[in-house]
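Participant: Dropping the structure in here first, questions after.
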Amino acid sequence: MRYTTVNNSQNTLRHDLFYLRCILTHATRHHRAQTPEDRLTEATLHDYLTWLTVDALQDEAHARSVAPTLARLQEELHAQAQHDQTRNRDPTPQAYHEGYLHALEQVLSFTHGEDLLLREEISRREFHESWDKTRERLGL
């Protein structure tokens, strides 16, 4: 199935907090699934979030609406992961999806030239300085 961006209500991806929270709840439930159907379901849920980001890449106003929702969901997943860890449950599914959302939010921020949430900008020079330190710590 191929998704194309069309400006009508039928093909516009929803990005309200409740709807995306439901998507992530299902994605977390299907994480590390055993059956091919479950793995396909998780992949399709990720595709939804990816296409939502692709749409926002093309429209800065849309990105300014989507990015805060992605950030809010990251915070919720982080809290869930911490809660699971204190209960001796595996926090990996929530942490994995938190990282995925962070990557999508960063793509939007880098594309539109600023951090859409914190009003901070990371320059390429600052990134390289940070990367040099990280690479050194990891011995790469």
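Residue numbering restarts at 1 in every chain; chains get A, B, ... in the order shown in the structure tokens, and ligands count up from 1 in that same order.
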Set the distance at 7 Å and use only C-alpha atoms: which residues neighbour stretch 93-101 of chain A once local chain neighbours fewer than 5 positions away are removed? I'd like the list as a list in words.

Facilitator: Thr28, His31, Leu70, Gln74, Leu77, His78, Gln80 and Ala81 of chain A

Participant: Using N, CA, C and O atoms, can you write the selected residues to a file as a PDB file, in the first residue's frame?

Facilitator:
```pdb
ATOM      1  N   THR A  28       3.472  -0.574  21.227  1.00  0.00           N
ATOM      2  CA  THR A  28       4.174  -1.104  22.398  1.00  0.00           C
ATOM      3  C   THR A  28       3.724  -2.527  22.692  1.00  0.00           C
ATOM      4  O   THR A  28       4.531  -3.394  23.016  1.00  0.00           O
ATOM      5  N   HIS A  31       5.368  -4.887  20.256  1.00  0.00           N
ATOM      6  CA  HIS A  31       6.831  -4.895  20.258  1.00  0.00           C
ATOM      7  C   HIS A  31       7.316  -6.287  20.670  1.00  0.00           C
ATOM      8  O   HIS A  31       6.795  -6.892  21.600  1.00  0.00           O
ATOM      9  N   LEU A  70       4.452  14.929  19.331  1.00  0.00           N
ATOM     10  CA  LEU A  70       5.486  13.895  19.401  1.00  0.00           C
ATOM     11  C   LEU A  70       6.291  14.021  20.694  1.00  0.00           C
ATOM     12  O   LEU A  70       6.612  13.019  21.340  1.00  0.00           O
ATOM     13  N   GLN A  74       6.686  11.359  23.775  1.00  0.00           N
ATOM     14  CA  GLN A  74       7.997  10.924  24.256  1.00  0.00           C
ATOM     15  C   GLN A  74       8.059  10.988  25.778  1.00  0.00           C
ATOM     16  O   GLN A  74       8.546  10.061  26.437  1.00  0.00           O
ATOM     17  N   LEU A  77       5.984   8.133  27.258  1.00  0.00           N
ATOM     18  CA  LEU A  77       6.670   6.848  27.130  1.00  0.00           C
ATOM     19  C   LEU A  77       7.848   6.755  28.092  1.00  0.00           C
ATOM     20  O   LEU A  77       8.109   5.688  28.664  1.00  0.00           O
ATOM     21  N   HIS A  78       8.553   7.862  28.277  1.00  0.00           N
ATOM     22  CA  HIS A  78       9.674   7.883  29.224  1.00  0.00           C
ATOM     23  C   HIS A  78       9.168   7.584  30.635  1.00  0.00           C
ATOM     24  O   HIS A  78       9.765   6.775  31.359  1.00  0.00           O
ATOM     25  N   GLN A  80       6.452   5.947  31.433  1.00  0.00           N
ATOM     26  CA  GLN A  80       6.035   4.539  31.476  1.00  0.00           C
ATOM     27  C   GLN A  80       7.235   3.614  31.629  1.00  0.00           C
ATOM     28  O   GLN A  80       7.197   2.647  32.385  1.00  0.00           O
ATOM     29  N   ALA A  81       8.316   3.917  30.902  1.00  0.00           N
ATOM     30  CA  ALA A  81       9.518   3.086  30.979  1.00  0.00           C
ATOM     31  C   ALA A  81      10.107   3.130  32.395  1.00  0.00           C
ATOM     32  O   ALA A  81      10.503   2.090  32.943  1.00  0.00           O
TER      33      ALA A  81
END
```

Participant: Excluding same-chain residues fewer than 5 positions from stretch 44-52 of chain A, what lies within 9 Å of it counting only C-alpha atoms, as a PyMOL selection string?

Facilitator: chain A and resi 3-5+12-15+20+23-24+26-27+39+57+66+100-101+104

Participant: Would you save the residues from that selection as a compact mmCIF listing (two decimals), in the first residue's frame, using all heavy atoms?

Facilitator:
```txt
# COMPACT_ATOMS: atom_id res chain seq x y z
N TYR A 3 1.06 5.41 0.36
CA TYR A 3 0.33 6.57 0.84
C TYR A 3 0.76 7.79 0.05
O TYR A 3 1.94 8.01 -0.17
CB TYR A 3 0.61 6.79 2.33
CG TYR A 3 -0.01 8.06 2.86
CD1 TYR A 3 -1.34 8.10 3.23
CD2 TYR A 3 0.73 9.22 2.92
CE1 TYR A 3 -1.90 9.27 3.68
CE2 TYR A 3 0.17 10.39 3.36
CZ TYR A 3 -1.15 10.41 3.74
OH TYR A 3 -1.71 11.57 4.18
N THR A 4 -0.18 8.56 -0.41
CA THR A 4 0.14 9.82 -1.06
C THR A 4 -0.55 10.94 -0.31
O THR A 4 -1.67 10.77 0.16
CB THR A 4 -0.31 9.84 -2.54
OG1 THR A 4 -1.70 9.54 -2.58
CG2 THR A 4 0.45 8.82 -3.36
N THR A 5 0.15 12.03 -0.21
CA THR A 5 -0.41 13.17 0.51
C THR A 5 -1.43 13.88 -0.37
O THR A 5 -1.11 14.32 -1.46
CB THR A 5 0.71 14.15 0.90
OG1 THR A 5 1.67 13.42 1.66
CG2 THR A 5 0.17 15.30 1.71
N THR A 12 -5.84 12.67 5.07
CA THR A 12 -5.02 13.42 6.01
C THR A 12 -4.82 12.58 7.27
O THR A 12 -5.78 12.10 7.85
CB THR A 12 -5.68 14.76 6.35
OG1 THR A 12 -5.86 15.49 5.15
CG2 THR A 12 -4.82 15.55 7.30
N LEU A 13 -3.57 12.43 7.66
CA LEU A 13 -3.29 11.65 8.85
C LEU A 13 -3.57 12.47 10.10
O LEU A 13 -3.15 13.62 10.20
CB LEU A 13 -1.82 11.20 8.83
CG LEU A 13 -1.43 10.31 7.66
CD1 LEU A 13 0.07 10.04 7.68
CD2 LEU A 13 -2.19 9.01 7.70
N ARG A 14 -4.26 11.87 11.04
CA ARG A 14 -4.57 12.57 12.29
C ARG A 14 -3.33 12.64 13.16
O ARG A 14 -2.54 11.70 13.20
CB ARG A 14 -5.66 11.80 13.06
CG ARG A 14 -7.01 11.90 12.44
CD ARG A 14 -8.03 11.09 13.18
NE ARG A 14 -8.09 11.42 14.59
CZ ARG A 14 -8.84 10.76 15.46
NH1 ARG A 14 -9.58 9.74 15.06
NH2 ARG A 14 -8.87 11.11 16.73
N HIS A 15 -3.20 13.73 13.89
CA HIS A 15 -2.06 13.85 14.80
C HIS A 15 -2.47 14.38 16.17
O HIS A 15 -1.65 14.90 16.91
CB HIS A 15 -0.96 14.72 14.20
CG HIS A 15 -1.35 16.14 13.99
ND1 HIS A 15 -2.07 16.55 12.90
CD2 HIS A 15 -1.15 17.24 14.75
CE1 HIS A 15 -2.27 17.86 12.98
NE2 HIS A 15 -1.74 18.30 14.09
N LEU A 20 -2.71 9.44 18.49
CA LEU A 20 -1.33 8.95 18.45
C LEU A 20 -0.99 8.14 19.69
O LEU A 20 -0.21 7.20 19.62
CB LEU A 20 -0.35 10.11 18.27
CG LEU A 20 -0.44 10.84 16.93
CD1 LEU A 20 0.65 11.89 16.83
CD2 LEU A 20 -0.38 9.88 15.75
N ILE A 23 -2.16 4.71 18.94
CA ILE A 23 -1.23 4.05 18.02
C ILE A 23 -0.02 3.53 18.79
O ILE A 23 0.40 2.38 18.60
CB ILE A 23 -0.81 5.02 16.89
CG1 ILE A 23 -1.97 5.19 15.92
CG2 ILE A 23 0.44 4.52 16.17
CD1 ILE A 23 -1.74 6.22 14.84
N LEU A 24 0.54 4.34 19.66
CA LEU A 24 1.73 3.92 20.41
C LEU A 24 1.42 2.83 21.42
O LEU A 24 2.25 1.96 21.68
CB LEU A 24 2.37 5.12 21.08
CG LEU A 24 3.11 6.01 20.10
CD1 LEU A 24 3.48 7.33 20.73
CD2 LEU A 24 4.35 5.30 19.58
N HIS A 26 -0.73 0.44 20.97
CA HIS A 26 -0.74 -0.80 20.17
C HIS A 26 0.67 -1.18 19.72
O HIS A 26 1.03 -2.35 19.73
CB HIS A 26 -1.66 -0.65 18.96
CG HIS A 26 -3.10 -0.63 19.33
ND1 HIS A 26 -3.76 -1.69 19.90
CD2 HIS A 26 -4.03 0.36 19.24
CE1 HIS A 26 -5.02 -1.38 20.12
NE2 HIS A 26 -5.20 -0.13 19.74
N ALA A 27 1.47 -0.20 19.32
CA ALA A 27 2.84 -0.50 18.89
C ALA A 27 3.64 -1.10 20.03
O ALA A 27 4.40 -2.06 19.83
CB ALA A 27 3.51 0.77 18.36
N ARG A 39 4.17 -8.48 13.90
CA ARG A 39 5.30 -7.67 13.42
C ARG A 39 4.86 -6.74 12.30
O ARG A 39 5.28 -5.59 12.23
CB ARG A 39 6.45 -8.58 12.97
CG ARG A 39 7.17 -9.24 14.15
CD ARG A 39 8.46 -9.91 13.74
NE ARG A 39 8.27 -11.01 12.82
CZ ARG A 39 8.03 -12.28 13.17
NH1 ARG A 39 7.95 -12.60 14.44
NH2 ARG A 39 7.88 -13.20 12.26
N LEU A 57 7.08 17.55 7.13
CA LEU A 57 8.31 18.06 6.52
C LEU A 57 7.99 19.04 5.40
O LEU A 57 8.75 19.95 5.12
CB LEU A 57 9.15 16.91 5.94
CG LEU A 57 9.86 16.04 6.95
CD1 LEU A 57 10.48 14.83 6.25
CD2 LEU A 57 10.90 16.81 7.73
N VAL A 66 2.58 19.18 14.85
CA VAL A 66 2.92 17.77 15.08
C VAL A 66 4.03 17.62 16.12
O VAL A 66 3.95 16.76 17.00
CB VAL A 66 3.33 17.10 13.75
CG1 VAL A 66 3.91 15.72 13.99
CG2 VAL A 66 2.13 17.01 12.82
N TYR A 100 12.23 6.37 18.86
CA TYR A 100 11.71 6.51 17.50
C TYR A 100 11.02 7.86 17.33
O TYR A 100 11.25 8.58 16.35
CB TYR A 100 10.75 5.35 17.20
CG TYR A 100 10.22 5.36 15.79
CD1 TYR A 100 11.05 5.07 14.72
CD2 TYR A 100 8.89 5.67 15.54
CE1 TYR A 100 10.56 5.08 13.42
CE2 TYR A 100 8.39 5.68 14.25
CZ TYR A 100 9.23 5.38 13.20
OH TYR A 100 8.75 5.41 11.92
N LEU A 101 10.18 8.23 18.29
CA LEU A 101 9.51 9.53 18.23
C LEU A 101 10.50 10.68 18.30
O LEU A 101 10.34 11.70 17.61
CB LEU A 101 8.50 9.66 19.37
CG LEU A 101 7.26 8.79 19.27
CD1 LEU A 101 6.41 8.95 20.52
CD2 LEU A 101 6.46 9.09 18.03
N LEU A 104 11.95 11.19 14.88
CA LEU A 104 11.01 11.87 13.99
C LEU A 104 10.93 13.36 14.30
O LEU A 104 10.95 14.21 13.40
CB LEU A 104 9.61 11.25 14.09
CG LEU A 104 9.48 9.80 13.63
CD1 LEU A 104 8.06 9.30 13.86
CD2 LEU A 104 9.89 9.63 12.18
```

Participant: Which of stretch 7-140 of chain A counts as helix (DSSP H, G or I) under DSSP, as a PyMOL selection string please?

Facilitator: chain A and resi 17-30+36-57+60-86+92-111+124-138

Participant: Name the closest residue to A:His112 among the candidates A:Ala67, A:Ala43, A:Ala33, A:Ala79; distances are taken between atoms, counting only C-alpha atoms.

Facilitator: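 Checking each candidate against A:His112, we get A:Ala67 as the closest.
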
Participant: For a test of reading the model, state the distance in Å between atom CA of A:Cys22 and atom CA of A:Arg64, rounded to one decimal.

Facilitator: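 That distance, rounded to one decimal, is 21.1 Å.
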
Participant: Nearest residue to A:Ala63 out of A:Leu17, A:Leu108, A:Leu138, A:Ala103, using only C-alpha atoms?

Facilitator: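 Closest to A:Ala63 of all the choices is A:Leu108.
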
Participant: Pick from A:Thr41, A:Thr92, A:Thr111, A:Thr25: nearest to A:Asp59, with only C-alpha atoms counted?

Facilitator: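 Between A:Thr41, A:Thr92, A:Thr111, A:Thr25, the residue approaching A:Asp59 most closely is A:Thr111.
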